[in-house]
Structures are given as structure tokens and as C-alpha cells.
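Student: Structure supplied as start_19.cif; contents: mmCIF, C-alpha atoms and all ligand atoms.
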```cif
data_run
loop_
_atom_site.group_PDB
_atom_site.id
_atom_site.type_symbol
_atom_site.label_atom_id
_atom_site.label_comp_id
_atom_site.auth_asym_id
_atom_site.auth_seq_id
_atom_site.Cartn_x
_atom_site.Cartn_y
_atom_site.Cartn_z
ATOM 1 C CA MET G 255 -72.201 14.453 55.458
ATOM 2 C CA GLU G 256 -73.174 11.749 57.904
ATOM 3 C CA ARG G 257 -74.231 8.293 56.725
ATOM 4 C CA ALA G 258 -77.742 7.411 57.914
ATOM 5 C CA SER G 259 -77.714 3.944 56.284
ATOM 6 C CA ALA G 260 -76.030 2.163 53.388
ATOM 7 C CA THR G 261 -78.088 4.241 50.954
ATOM 8 C CA ALA G 262 -78.909 7.440 52.862
ATOM 9 C CA TRP G 263 -77.047 10.498 54.124
ATOM 10 C CA ARG G 264 -77.884 13.231 56.612
ATOM 11 C CA VAL G 265 -76.840 16.710 55.533
ATOM 12 C CA ARG G 266 -77.104 19.940 57.525
ATOM 13 C CA ALA G 267 -77.750 23.251 55.771
ATOM 14 C CA PRO G 268 -76.811 26.346 57.830
ATOM 15 C CA ALA G 269 -78.538 29.717 57.858
ATOM 16 C CA LYS G 270 -76.674 32.940 57.022
ATOM 17 C CA LEU G 271 -76.593 36.421 58.426
ATOM 18 C CA ASN G 272 -75.796 39.454 56.328
ATOM 19 C CA LEU G 273 -73.749 41.327 58.919
ATOM 20 C CA THR G 274 -73.612 44.243 56.512
ATOM 21 C CA LEU G 275 -75.530 44.784 53.282
ATOM 22 C CA ARG G 276 -74.923 47.675 50.934
ATOM 23 C CA VAL G 277 -77.124 47.839 47.843
ATOM 24 C CA GLY G 278 -76.819 49.921 44.662
ATOM 25 C CA PRO G 279 -79.434 51.003 42.105
ATOM 26 C CA LEU G 280 -81.308 48.443 39.985
ATOM 27 C CA ARG G 281 -79.248 47.067 37.068
ATOM 28 C CA ALA G 282 -80.552 46.516 33.552
ATOM 29 C CA ASP G 283 -80.770 42.756 34.220
ATOM 30 C CA GLY G 284 -83.281 43.225 37.058
ATOM 31 C CA TYR G 285 -80.803 42.621 39.901
ATOM 32 C CA HIS G 286 -79.140 45.024 42.321
ATOM 33 C CA PRO G 287 -75.380 45.260 42.848
ATOM 34 C CA LEU G 288 -74.497 44.242 46.397
ATOM 35 C CA ASP G 289 -71.569 44.519 48.776
ATOM 36 C CA SER G 290 -72.228 42.343 51.807
ATOM 37 C CA ILE G 291 -70.362 40.571 54.595
ATOM 38 C CA VAL G 292 -72.126 37.253 55.008
ATOM 39 C CA ALA G 293 -71.537 34.670 57.717
ATOM 40 C CA LYS G 294 -72.965 31.173 57.980
ATOM 41 C CA VAL G 295 -74.424 30.555 61.442
ATOM 42 C CA THR G 296 -75.271 27.596 63.656
ATOM 43 C CA LEU G 297 -78.946 27.155 62.817
ATOM 44 C CA TYR G 298 -79.623 24.321 60.391
ATOM 45 C CA ASP G 299 -82.216 22.791 58.122
ATOM 46 C CA GLU G 300 -81.758 19.023 58.001
ATOM 47 C CA LEU G 301 -81.891 16.991 54.831
ATOM 48 C CA LEU G 302 -82.076 13.232 54.519
ATOM 49 C CA ILE G 303 -80.916 12.250 51.055
ATOM 50 C CA GLU G 304 -81.687 8.671 50.005
ATOM 51 C CA ARG G 305 -80.512 7.006 46.859
ATOM 52 C CA ALA G 306 -83.370 6.271 44.443
ATOM 53 C CA PRO G 307 -83.554 4.520 41.059
ATOM 54 C CA ASP G 308 -82.018 6.469 38.193
ATOM 55 C CA GLY G 309 -84.226 9.367 37.129
ATOM 56 C CA VAL G 310 -86.402 9.421 40.267
ATOM 57 C CA LEU G 311 -86.143 12.826 41.982
ATOM 58 C CA GLU G 312 -88.518 13.489 44.854
ATOM 59 C CA LEU G 313 -88.716 15.933 47.718
ATOM 60 C CA VAL G 314 -90.851 15.665 50.826
ATOM 61 C CA CYS G 315 -91.087 18.547 53.276
ATOM 62 C CA PRO G 316 -93.419 18.073 56.246
ATOM 63 C CA ASP G 317 -93.376 21.828 57.006
ATOM 64 C CA PRO G 318 -96.266 23.542 55.143
ATOM 65 C CA GLN G 319 -94.433 26.907 55.406
ATOM 66 C CA ALA G 320 -91.940 25.673 52.825
ATOM 67 C CA GLY G 321 -94.603 25.671 50.083
ATOM 68 C CA PRO G 322 -95.174 23.023 47.404
ATOM 69 C CA ALA G 323 -92.349 20.519 46.825
ATOM 70 C CA GLU G 324 -92.472 21.180 43.078
ATOM 71 C CA GLY G 325 -91.044 24.699 43.346
ATOM 72 C CA ASN G 326 -88.566 23.829 46.102
ATOM 73 C CA LEU G 327 -85.077 25.099 45.376
ATOM 74 C CA ALA G 328 -83.421 21.889 46.657
ATOM 75 C CA LEU G 329 -85.430 19.818 44.178
ATOM 76 C CA ARG G 330 -84.553 22.267 41.404
ATOM 77 C CA ALA G 331 -80.904 21.931 42.425
ATOM 78 C CA ALA G 332 -81.091 18.123 42.120
ATOM 79 C CA ARG G 333 -82.687 18.440 38.684
ATOM 80 C CA ALA G 334 -80.072 20.941 37.533
ATOM 81 C CA LEU G 335 -77.263 18.634 38.653
ATOM 82 C CA ARG G 336 -78.824 15.750 36.789
ATOM 83 C CA GLN G 337 -78.909 17.881 33.653
ATOM 84 C CA ARG G 338 -75.204 18.534 34.140
ATOM 85 C CA GLY G 339 -74.579 14.804 33.787
ATOM 86 C CA GLY G 340 -75.557 13.358 37.181
ATOM 87 C CA ARG G 341 -76.632 9.748 36.872
ATOM 88 C CA GLY G 342 -78.842 8.485 39.663
ATOM 89 C CA GLY G 343 -81.944 9.375 41.608
ATOM 90 C CA ALA G 344 -82.657 10.836 45.025
ATOM 91 C CA ARG G 345 -85.405 11.091 47.587
ATOM 92 C CA ILE G 346 -84.921 14.169 49.746
ATOM 93 C CA THR G 347 -86.705 14.693 53.054
ATOM 94 C CA LEU G 348 -86.320 18.278 54.194
ATOM 95 C CA HIS G 349 -86.833 19.280 57.819
ATOM 96 C CA LYS G 350 -87.101 23.054 58.028
ATOM 97 C CA ARG G 351 -85.669 24.727 61.110
ATOM 98 C CA ILE G 352 -84.666 27.976 59.383
ATOM 99 C CA GLY G 353 -87.581 30.399 59.034
ATOM 100 C CA VAL G 354 -88.940 31.007 55.542
ATOM 101 C CA GLY G 355 -89.012 34.576 54.157
ATOM 102 C CA ALA G 356 -86.661 35.616 56.930
ATOM 103 C CA GLY G 357 -83.512 36.707 55.046
ATOM 104 C CA LEU G 358 -81.657 33.737 56.538
ATOM 105 C CA GLY G 359 -81.064 32.045 53.181
ATOM 106 C CA GLY G 360 -82.605 28.711 54.200
ATOM 107 C CA GLY G 361 -83.909 27.765 50.748
ATOM 108 C CA SER G 362 -80.611 28.742 49.110
ATOM 109 C CA SER G 363 -78.657 26.763 51.697
ATOM 110 C CA ASP G 364 -80.833 23.674 51.148
ATOM 111 C CA ALA G 365 -80.139 23.953 47.418
ATOM 112 C CA ALA G 366 -76.388 24.438 47.888
ATOM 113 C CA ARG G 367 -76.053 21.476 50.241
ATOM 114 C CA THR G 368 -78.136 19.298 47.890
ATOM 115 C CA LEU G 369 -75.766 20.180 45.047
ATOM 116 C CA TRP G 370 -72.748 19.497 47.259
ATOM 117 C CA ALA G 371 -74.062 16.145 48.530
ATOM 118 C CA LEU G 372 -75.434 14.752 45.254
ATOM 119 C CA ASN G 373 -72.230 15.778 43.468
ATOM 120 C CA GLN G 374 -70.513 13.225 45.714
ATOM 121 C CA ILE G 375 -73.281 10.625 46.021
ATOM 122 C CA TRP G 376 -73.680 10.417 42.251
ATOM 123 C CA GLY G 377 -69.899 10.406 41.805
ATOM 124 C CA LEU G 378 -70.114 13.388 39.476
ATOM 125 C CA ASN G 379 -67.287 15.288 41.184
ATOM 126 C CA LEU G 380 -67.818 18.631 39.449
ATOM 127 C CA PRO G 381 -65.099 21.092 40.558
ATOM 128 C CA PRO G 382 -66.150 23.813 43.070
ATOM 129 C CA ALA G 383 -66.235 26.574 40.422
ATOM 130 C CA GLU G 384 -68.704 24.622 38.275
ATOM 131 C CA LEU G 385 -70.868 23.807 41.258
ATOM 132 C CA ALA G 386 -70.868 27.517 42.208
ATOM 133 C CA ALA G 387 -71.889 28.542 38.673
ATOM 134 C CA LEU G 388 -74.711 26.000 38.753
ATOM 135 C CA GLY G 389 -75.717 27.366 42.166
ATOM 136 C CA ALA G 390 -75.752 30.956 40.866
ATOM 137 C CA SER G 391 -78.176 29.907 38.116
ATOM 138 C CA LEU G 392 -80.595 28.744 40.843
ATOM 139 C CA GLY G 393 -80.473 31.852 43.063
ATOM 140 C CA SER G 394 -78.241 34.769 44.026
ATOM 141 C CA ASP G 395 -77.532 33.430 47.528
ATOM 142 C CA VAL G 396 -76.776 29.804 46.598
ATOM 143 C CA PRO G 397 -73.008 30.130 45.845
ATOM 144 C CA LEU G 398 -72.166 31.625 49.250
ATOM 145 C CA PHE G 399 -73.352 28.424 50.924
ATOM 146 C CA LEU G 400 -70.824 26.442 48.887
ATOM 147 C CA GLY G 401 -68.030 28.600 50.291
ATOM 148 C CA PRO G 402 -66.218 29.130 53.613
ATOM 149 C CA PRO G 403 -67.821 30.259 56.918
ATOM 150 C CA ALA G 404 -67.667 33.954 55.983
ATOM 151 C CA SER G 405 -67.423 35.804 52.685
ATOM 152 C CA ARG G 406 -67.604 39.236 51.161
ATOM 153 C CA MET G 407 -70.360 38.955 48.563
ATOM 154 C CA ARG G 408 -70.517 41.254 45.559
ATOM 155 C CA GLY G 409 -72.066 41.403 42.085
ATOM 156 C CA ARG G 410 -75.616 40.081 42.386
ATOM 157 C CA GLY G 411 -74.254 37.591 44.920
ATOM 158 C CA GLU G 412 -71.993 35.464 42.729
ATOM 159 C CA VAL G 413 -68.698 37.314 43.354
ATOM 160 C CA LEU G 414 -67.357 35.858 46.595
ATOM 161 C CA ASP G 415 -64.147 36.500 48.499
ATOM 162 C CA PRO G 416 -63.462 34.466 51.631
ATOM 163 C CA ILE G 417 -62.861 36.535 54.754
ATOM 164 C CA ASP G 418 -61.397 35.558 58.080
ATOM 165 C CA LEU G 419 -64.057 36.624 60.527
ATOM 166 C CA PRO G 420 -63.546 36.137 64.281
ATOM 167 C CA ALA G 421 -66.090 33.893 66.011
ATOM 168 C CA PHE G 422 -69.110 35.856 67.234
ATOM 169 C CA ASP G 423 -72.370 35.156 69.037
ATOM 170 C CA ALA G 424 -75.738 36.666 68.270
ATOM 171 C CA LEU G 425 -79.280 36.520 69.560
ATOM 172 C CA LEU G 426 -81.317 35.715 66.468
ATOM 173 C CA VAL G 427 -84.984 36.644 66.453
ATOM 174 C CA THR G 428 -87.152 35.280 63.655
ATOM 175 C CA PRO G 429 -90.558 37.020 63.778
ATOM 176 C CA PRO G 430 -93.476 34.964 62.446
ATOM 177 C CA VAL G 431 -93.598 37.324 59.465
ATOM 178 C CA HIS G 432 -92.703 36.451 55.864
ATOM 179 C CA CYS G 433 -90.919 39.313 54.196
ATOM 180 C CA ALA G 434 -90.876 38.616 50.443
ATOM 181 C CA THR G 435 -87.690 39.876 48.776
ATOM 182 C CA GLY G 436 -89.393 41.444 45.720
ATOM 183 C CA PRO G 437 -91.489 44.084 47.534
ATOM 184 C CA VAL G 438 -88.511 45.065 49.724
ATOM 185 C CA TYR G 439 -86.364 45.747 46.652
ATOM 186 C CA LEU G 440 -89.266 47.698 45.113
ATOM 187 C CA ALA G 441 -89.444 49.897 48.217
ATOM 188 C CA PHE G 442 -85.654 50.315 47.965
ATOM 189 C CA ASP G 443 -85.942 51.405 44.294
ATOM 190 C CA ALA G 444 -88.650 53.912 45.207
ATOM 191 C CA GLN G 445 -86.125 55.720 47.448
ATOM 192 C CA ASN G 446 -84.060 56.638 44.366
ATOM 193 C CA PRO G 447 -80.878 55.164 45.830
ATOM 194 C CA GLY G 448 -77.451 56.595 45.091
ATOM 195 C CA PRO G 449 -74.521 54.520 43.799
ATOM 196 C CA LEU G 450 -73.386 51.403 45.674
ATOM 197 C CA VAL G 451 -71.208 52.239 48.688
ATOM 198 C CA ALA G 452 -68.386 49.720 49.110
ATOM 199 C CA PHE G 453 -67.866 48.102 52.507
ATOM 200 C CA ASP G 454 -64.259 47.277 53.369
ATOM 201 C CA PRO G 455 -64.254 43.940 55.303
ATOM 202 C CA ALA G 456 -61.307 45.253 57.376
ATOM 203 C CA ARG G 457 -63.858 47.462 59.156
ATOM 204 C CA LEU G 458 -65.020 44.232 60.816
ATOM 205 C CA THR G 459 -62.086 41.826 60.578
ATOM 206 C CA GLY G 460 -59.648 44.386 61.992
ATOM 207 C CA HIS G 461 -61.748 45.120 65.096
ATOM 208 C CA PRO G 462 -63.130 43.170 68.047
ATOM 209 C CA VAL G 463 -66.784 42.146 67.849
ATOM 210 C CA SER G 464 -67.510 44.583 70.702
ATOM 211 C CA GLN G 465 -66.837 47.417 68.216
ATOM 212 C CA TRP G 466 -68.983 46.082 65.374
ATOM 213 C CA ASP G 467 -72.399 47.463 66.321
ATOM 214 C CA ASP G 468 -71.687 50.978 65.003
ATOM 215 C CA ARG G 469 -70.212 49.570 61.796
ATOM 216 C CA LEU G 470 -73.077 47.319 60.728
ATOM 217 C CA VAL G 471 -75.371 48.713 58.061
ATOM 218 C CA ASN G 472 -78.200 47.260 55.984
ATOM 219 C CA ASP G 473 -79.517 49.355 53.087
ATOM 220 C CA LEU G 474 -82.663 47.187 52.962
ATOM 221 C CA TYR G 475 -83.658 47.917 56.572
ATOM 222 C CA ALA G 476 -85.747 51.044 55.897
ATOM 223 C CA PRO G 477 -87.350 49.509 52.760
ATOM 224 C CA ALA G 478 -88.165 46.301 54.702
ATOM 225 C CA ARG G 479 -89.853 48.342 57.445
ATOM 226 C CA GLN G 480 -91.898 50.032 54.748
ATOM 227 C CA ALA G 481 -92.825 46.876 52.824
ATOM 228 C CA CYS G 482 -93.326 44.784 55.958
ATOM 229 C CA PRO G 483 -94.360 47.093 58.837
ATOM 230 C CA ALA G 484 -94.407 44.148 61.278
ATOM 231 C CA VAL G 485 -90.610 43.952 60.934
ATOM 232 C CA GLY G 486 -90.328 47.500 62.252
ATOM 233 C CA ASP G 487 -92.682 46.713 65.158
ATOM 234 C CA TRP G 488 -90.606 43.702 66.169
ATOM 235 C CA ALA G 489 -87.333 45.602 65.841
ATOM 236 C CA ASP G 490 -88.660 48.485 67.953
ATOM 237 C CA ARG G 491 -89.989 46.165 70.664
ATOM 238 C CA LEU G 492 -86.674 44.299 70.815
ATOM 239 C CA HIS G 493 -84.731 47.528 71.030
ATOM 240 C CA GLU G 494 -86.984 48.911 73.783
ATOM 241 C CA ARG G 495 -86.815 45.693 75.784
ATOM 242 C CA LEU G 496 -83.069 45.089 75.485
ATOM 243 C CA GLY G 497 -81.650 48.591 74.998
ATOM 244 C CA ARG G 498 -79.217 47.165 72.466
ATOM 245 C CA PRO G 499 -78.689 47.829 68.733
ATOM 246 C CA VAL G 500 -80.927 45.576 66.615
ATOM 247 C CA HIS G 501 -79.832 44.569 63.115
ATOM 248 C CA MET G 502 -81.667 42.917 60.242
ATOM 249 C CA THR G 503 -80.337 40.213 57.906
ATOM 250 C CA GLY G 504 -80.888 40.387 54.126
ATOM 251 C CA SER G 505 -84.331 41.674 53.207
ATOM 252 C CA GLY G 506 -85.716 40.568 56.612
ATOM 253 C CA SER G 507 -87.664 39.575 58.547
ATOM 254 C CA ALA G 508 -85.053 38.057 60.894
ATOM 255 C CA LEU G 509 -83.315 40.393 63.343
ATOM 256 C CA PHE G 510 -80.192 39.958 65.426
ATOM 257 C CA VAL G 511 -78.412 41.456 68.408
ATOM 258 C CA LEU G 512 -74.639 41.036 68.736
ATOM 259 C CA LEU G 513 -73.535 39.526 72.044
ATOM 260 C CA ALA G 514 -70.492 39.855 74.261
ATOM 261 C CA ASP G 515 -70.710 36.070 74.766
ATOM 262 C CA ARG G 516 -73.295 33.306 75.202
ATOM 263 C CA GLN G 517 -73.853 34.266 78.846
ATOM 264 C CA ASP G 518 -74.851 37.746 77.687
ATOM 265 C CA GLY G 519 -77.253 36.079 75.232
ATOM 266 C CA LEU G 520 -78.894 33.949 77.929
ATOM 267 C CA ALA G 521 -79.373 37.046 80.092
ATOM 268 C CA LEU G 522 -80.963 38.959 77.197
ATOM 269 C CA HIS G 523 -83.177 35.998 76.301
ATOM 270 C CA ALA G 524 -84.479 35.942 79.877
ATOM 271 C CA GLN G 525 -85.523 39.617 79.532
ATOM 272 C CA LEU G 526 -87.813 38.961 76.574
ATOM 273 C CA PRO G 527 -91.596 38.664 76.866
ATOM 274 C CA PRO G 528 -92.899 35.184 75.917
ATOM 275 C CA ASP G 529 -93.881 35.964 72.305
ATOM 276 C CA LEU G 530 -90.429 37.395 71.521
ATOM 277 C CA ALA G 531 -88.589 34.742 73.544
ATOM 278 C CA ARG G 532 -90.292 31.950 71.581
ATOM 279 C CA CYS G 533 -88.802 33.317 68.353
ATOM 280 C CA ALA G 534 -85.302 33.930 69.733
ATOM 281 C CA ARG G 535 -82.244 31.673 69.878
ATOM 282 C CA LEU G 536 -78.508 31.959 70.277
ATOM 283 C CA VAL G 537 -76.365 31.379 67.197
ATOM 284 C CA GLY G 538 -72.669 31.593 66.461
ATOM 285 C CA LEU G 539 -70.393 31.596 63.432
ATOM 286 C CA ASN G 540 -70.671 28.222 61.695
ATOM 287 C CA PRO G 541 -67.236 26.534 61.689
ATOM 288 C CA TRP G 542 -67.528 25.295 58.065
HETATM 289 O O1 LIG D 601 -81.571 35.466 42.606
HETATM 290 P P1 LIG D 601 -82.825 35.289 43.370
HETATM 291 O O2 LIG D 601 -83.840 34.489 42.618
HETATM 292 O O3 LIG D 601 -82.618 34.741 44.740
HETATM 293 O O4 LIG D 601 -83.443 36.735 43.592
HETATM 294 C C1 LIG D 601 -84.781 36.930 43.984
HETATM 295 C C2 LIG D 601 -85.174 38.367 43.684
HETATM 296 O O5 LIG D 601 -84.463 39.240 44.542
HETATM 297 C C3 LIG D 601 -84.820 38.817 42.277
HETATM 298 O O6 LIG D 601 -85.856 38.539 41.360
HETATM 299 C C4 LIG D 601 -84.641 40.309 42.456
HETATM 300 O O7 LIG D 601 -85.886 40.946 42.495
HETATM 301 C C5 LIG D 601 -84.076 40.409 43.855
HETATM 302 N N1 LIG D 601 -82.601 40.528 43.863
HETATM 303 C C6 LIG D 601 -82.030 41.692 43.412
HETATM 304 N N2 LIG D 601 -80.668 41.841 43.426
HETATM 305 C C7 LIG D 601 -79.884 40.845 43.896
HETATM 306 C C8 LIG D 601 -80.447 39.650 44.358
HETATM 307 C C9 LIG D 601 -81.817 39.521 44.340
HETATM 308 O O8 LIG D 601 -82.732 42.606 42.999
HETATM 309 N N3 LIG D 601 -78.549 41.012 43.902
#
```
Mind turning the file's structure into C-alpha cells?
Tutor:
Amino acid sequence: MERASATAWRVRAPAKLNLTLRVGPLRADGYHPLDSIVAKVTLYDELLIERAPDGVLELVCPDPQAGPAEGNLALRAARALRQRGGRGGARITLHKRIGVGAGLGGGSSDAARTLWALNQIWGLNLPPAELAALGASLGSDVPLFLGPPASRMRGRGEVLDPIDLPAFDALLVTPPVHCATGPVYLAFDAQNPGPLVAFDPARLTGHPVSQWDDRLVNDLYAPARQACPAVGDWADRLHERLGRPVHMTGSGSALFVLLADRQDGLALHAQLPPDLARCARLVGLNPW
């Protein structure tokens, strides 16, 4: 957290990639059991958090894609922390760089980093486990952003084990397509899925990144293509253009191609037609 002034802090909120995502049948509580290897990556929303008089909680987001401030998960996170005993106020300005409805976890990351920052700014100092529980009450993906660079995520997202993932580079393509999570899970349910298949993290951690492509799997890929046909079109075009395996994160719509190194990524980027190139960028494993 970088100080912007005596009463303001700049906070970065990274995106995530689900390198793998296995999903089991719908549980009685309306969620699906997951087994996913998740890595934070070097694409960030930026938050400016300013101290405000006690009780004042405001959020401004210049990006219309983010929707109304009232429902914003970062604002809900600030409110939840205040209910847990936080004394103070905050004005949050959110600059979105992470696509919305992309499976990159931007909203969850904004919420997690707001919790993390205000916990310090307000001097509340809740221990990590309490912050994580508060995060889980806001959304399934919030706790992972309070954790280390890479985790194995289970349960509905709240069971996290840190994993030691080697650094990797990826070409991330965020199509201008919102893929809402609900309809993708509905399409998944309609397939009558079998029981959750576990994914042993050693299948990635024990092997060089050059051997990962064949090991990555996302059980929501076919359902996302069904619920959001544009995702399939983008994935097919990318695959045809680059001749490389294309993977999807979360419930989509963002896609990624694993790279040998950044040079490889620059070469691939140069092969893309303008509309794909505009939506593509190089990312790596976030160091924190
Ligand atoms: O927890 P969160 O609000 O982020 O979840 C959004 C929606 O995604 C849920 O209402 C549910 O439909 C779906 N979901 C799920 N199983 C999970 C996580 C999310 O079915 N483990």
C-alpha cells in the first residue's frame, strides 16, 4: 500500500487466472464444489482510498462497465468491515483495468484489497483468518485474493492451500464479452455432471511450464461456450491464428495462452489481427 498523501493510499488489486478448474455437481446450498489452481497475475485495478469522516463510505468508479456504485463489492466490503467494528470512513475511487464478467476476479480482488487496506487504515487489525471469513461472506473468490500468489482452491472457494507455483508468462485475451457466472453454471448443471474430479497440484508444480498445456482443464469451458457463444468464437479464432492451446479462466470470458517467455508472447501478439490484439496483453505470476 503506497501513501498518496497524508490521508490517502493507493492500493493495487491483481487479477487471477484459474489455471485449472474442476467442478462437481450442484450442492444443496446452491454452490458447486470446486478444485482449482488459481494464480494472481500482473494486471491490476487501482484503488485510491481516502480517509473520510466516521461513517462516510463512498465509492466512485469512472468506468460505466463496473455498474452502479451501490452494488459494488468493494463498497460492500467496506461496509462489512465497519460492521465488524471498524471505526472511520472512506472514499474509494476505483479505476478498472481488469475486464468485468471475464472470470478474472476483478470485483472480488477489489473487495479483498479494500478489506486488507481498511483493516490497517482503521487500525482494526483483524487477524487474517477473520478477514478471510468476512471475505467469503462477500463472494466465493474474495478469500483467495487475501492469500499468497498461488493457491489450490476447494469447497465453494473458501478452502485455500498455498502452493509454490513457478513463475509463468501468459498472453491474456479479454474479449469484449460479459460472461455472467450464473448462466454458465446453469449450462454446466444441464450436462448432468459426474462427481468432482480432484486435481493434484503436483501435476503442475512438479513439471516445467512447457509441460502444462496438456494438463490444464476447465470444466466450465464447454458450458461457457454454450451460454456465451462469442467466447467460443474468440477461442477458435485465437487457436487458428496462433496454433497454440487456448485456455479459459473461471467461467470466462477471458482466455489465455501459456508462453515460453515474454519474447514468445511479443511474437504471438504481433501475429494477431487488430481486434484481437487490442484485447491482448502479457501477464505473469504476481509476486505477492
Ligand atoms: O459466491 P459468489 O457470489 O461469487 O457466486 C456467484 C454465483 O456463482 C453463485 O450464486 C453461484 O451461482 C455460482 N457459484 C457456484 N459455485 C461456486 C461459486 C459460485 O455455483 N463454488
Student: From the set G:Ala371, G:Leu492, G:Met407, G:Ala365, which residue has the shortest atom-to-atom contact distance to G:Ser391, counting all atoms listed in the file?
Tutor: G:Ala365
Student: Which residues match the PyMOL selection byres (((not hetatm)) within 7 of (chain D and resi 601)) in the file above, as an MDAnalysis selection string?
Tutor: chainID G and resid 280 284:288 392:395 409:411 435:436 439
Student: As an exercise, work out the distance from atom CA of G:Pro499 to atom CA of G:Asp468 in Å and give it to one decimal place.
Tutor: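 So the two atoms, atom CA of G:Pro499 and atom CA of G:Asp468, lie 8.5 Å apart.
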Student: Ranking G:Asn373, G:Thr428, G:Thr274, G:Gln445 by minimum distance to G:Gly506 and counting only C-alpha atoms, which one comes first?
Tutor: G:Thr428
Student: Give as a count of residues only each residue that has an atom at most 12 Å from (-69.4, 49.0, 70.3) in the file, counting only C-alpha atoms.
Tutor: 17
Student: Hey, which of G:Val265, G:Ala306, G:Val354, G:Leu509 ends up closest to G:Asn472? Count all atoms listed in the file.
Tutor: G:Leu509
Student: How would you write, as a VMD selection string, the residues chosen by the PyMOL selection byres (((chain G and resi 314) around 6) and not hetatm) on this structure?
Tutor: chain G and resid 313 315 347
Student: Any chance you can output those residues with C-alpha atoms as a CSV table (one decimal), in the frame of the given file?
Tutor:
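The new file selection24.csv reads:
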```csv
chain,number,residue,atom,x,y,z
G,313,LEU,CA,-88.7,15.9,47.7
G,315,CYS,CA,-91.1,18.5,53.3
G,347,THR,CA,-86.7,14.7,53.1
```
Student: Near G:Ala531, counting all atoms listed in the file, which residues have an atom at most 12 Å away, once you skip same-chain residues fewer than 3 positions from it, shown as a list in words?
Tutor: Leu425, Leu426, Val427, Thr428, Pro429, Trp488, Arg491, Leu492, Arg495, Leu496, Gly519, Leu520, Ala521, Leu522, His523, Ala524, Gln525, Leu526, Pro527, Pro528, Ala534, Arg535 and Leu536 of chain G
Student: Starting from the shown file, work through the PyMOL selection byres (((chain G and resi 379) around 12) and not hetatm) and note down what comes out as a count of residues only.
Tutor: 21
